[in-house]
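Enquirer: Let me begin by handing over the structure; questions about it come next.
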Amino acid sequence: VQLQASGGGLVQAGGSPRLSCAASGSAFSRYPFSRYHMGWYRQAPGKQRELVAGISSGGNTNYADSVRDRFTISRDNAKNTVYLQMNNLKLEDTAVYYCNTDRLLNDNGEWEVYGYWGQGTQVTVSS
């Protein structure tokens, strides 16, 4: 699985950029993108990487408390793409944002666990 993140850059505080993550690879010949749990993580300078938001194969979402009500994760299974709409950006949202998939739902209804990361996209929030 290859994950290509885009949409980062320099944004003013209060801005609303949208990150995209396009998934590709031969793995999708076994199970479609819709079966994959997708997530966005971020890593700020000097800090550990943290989960920002996740979306399951069924469309259920979860968020870090720090971004809840400001960020929205969504997916377009026809385009093999997951998005992160970020609203009302704050200075503390400055980080490299990574796309991730760590499990898929197989035909037995079981999660197959693994891990793939995209290359990351820098989001810098200015005052």
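Ordered as shown in the structure tokens, chains take letters A, B, and onward, while each chain numbers its residues from 1 and ligands are numbered from 1 in the order shown.
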Excluding range 45-59 of chain A and residues on its chain fewer than 5 positions from it, collect all residues at most 12 Å away from it, counting only C-alpha atoms, and give them as a ChimeraX atom specification.
Expert: /A:31-40,64-77,80-86,92-106,109-111,120,122-124
Enquirer: Please provide the set of residues having any atom within 9 Å of Leu3 in chain A, restricted to only C-alpha atoms, with same-chain residues fewer than 6 positions apart removed, written as a list in words.
Expert: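 Surrounding residues, per the criterion: Cys21, Ala22, Ala23, Ser24, Gly25, Cys99, Asn100, Thr101, Tyr116, Trp117, Gly118 and Gln119 of chain A.
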Enquirer: Give me a file of those residues, with N, CA, C and O atoms, as a CSV table (one decimal), in the first residue's frame.
Expert:
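What ended up in part.csv:
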```csv
chain,number,residue,atom,x,y,z
A,21,CYS,N,-5.3,12.2,1.1
A,21,CYS,CA,-4.3,11.1,1.1
A,21,CYS,C,-4.9,10.1,0.1
A,21,CYS,O,-5.9,9.5,0.3
A,22,ALA,N,-4.1,9.9,-0.9
A,22,ALA,CA,-4.5,9.0,-2.0
A,22,ALA,C,-3.8,7.6,-1.8
A,22,ALA,O,-2.5,7.6,-1.6
A,23,ALA,N,-4.5,6.6,-1.8
A,23,ALA,CA,-4.0,5.2,-1.6
A,23,ALA,C,-3.9,4.5,-2.9
A,23,ALA,O,-4.8,4.6,-3.7
A,24,SER,N,-2.8,3.7,-3.0
A,24,SER,CA,-2.7,2.9,-4.2
A,24,SER,C,-1.8,1.7,-3.9
A,24,SER,O,-1.3,1.6,-2.8
A,25,GLY,N,-1.8,0.7,-4.8
A,25,GLY,CA,-1.0,-0.5,-4.6
A,25,GLY,C,-1.7,-1.7,-5.0
A,25,GLY,O,-2.9,-1.8,-5.0
A,99,CYS,N,-0.6,10.3,6.9
A,99,CYS,CA,-1.7,9.4,6.6
A,99,CYS,C,-1.3,7.9,7.0
A,99,CYS,O,-0.1,7.6,6.8
A,100,ASN,N,-2.2,7.2,7.5
A,100,ASN,CA,-1.9,5.8,8.0
A,100,ASN,C,-3.0,4.9,7.7
A,100,ASN,O,-4.2,5.3,7.7
A,101,THR,N,-2.7,3.6,7.5
A,101,THR,CA,-3.6,2.6,7.5
A,101,THR,C,-3.0,1.4,8.3
A,101,THR,O,-1.8,1.1,8.0
A,116,TYR,N,1.0,0.9,7.4
A,116,TYR,CA,1.6,1.6,6.3
A,116,TYR,C,1.4,3.1,6.6
A,116,TYR,O,0.4,3.6,7.1
A,117,TRP,N,2.5,3.8,6.2
A,117,TRP,CA,2.5,5.3,6.5
A,117,TRP,C,2.8,6.0,5.2
A,117,TRP,O,3.6,5.6,4.3
A,118,GLY,N,2.2,7.2,5.0
A,118,GLY,CA,2.5,8.1,3.9
A,118,GLY,C,3.7,8.9,4.3
A,118,GLY,O,4.3,8.8,5.4
A,119,GLN,N,4.2,9.8,3.4
A,119,GLN,CA,5.4,10.5,3.6
A,119,GLN,C,5.2,11.7,4.5
A,119,GLN,O,6.2,12.3,4.9
```
Enquirer: Would you please extract all strand (DSSP E or B) residues from chain A, as assigned by DSSP on the backbone, and give them as a PyMOL selection string?
Expert: chain A and resi 2-6+9-12+18-24+36-43+50-55+61-63+71-76+81-86+95-105+111-117+121-126
Enquirer: Between CA of Asn87 in chain A and CA of Thr121 in chain A, measure the distance and give it in Å to one decimal.
Expert: 16.8 Å
Enquirer: Any idea what's packed within 9 Å of Ser16 in chain A, counting only C-alpha atoms, ignoring anything in its chain fewer than 2 positions away? Could you give it as a PyMOL selection string?
Expert: chain A and resi 11-14+18+85-89
Enquirer: Go ahead and compute the interatomic distance for CA of Ser126 in chain A and CA of Lys90 in chain A, in Å to one decimal.
Expert: 8.3 Å
Enquirer: Expressed in Å to a single decimal, how great is the separation between CA of Ala78 in chain A and CA of Arg30 in chain A?
Expert: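 A separation of 15.8 Å between them.
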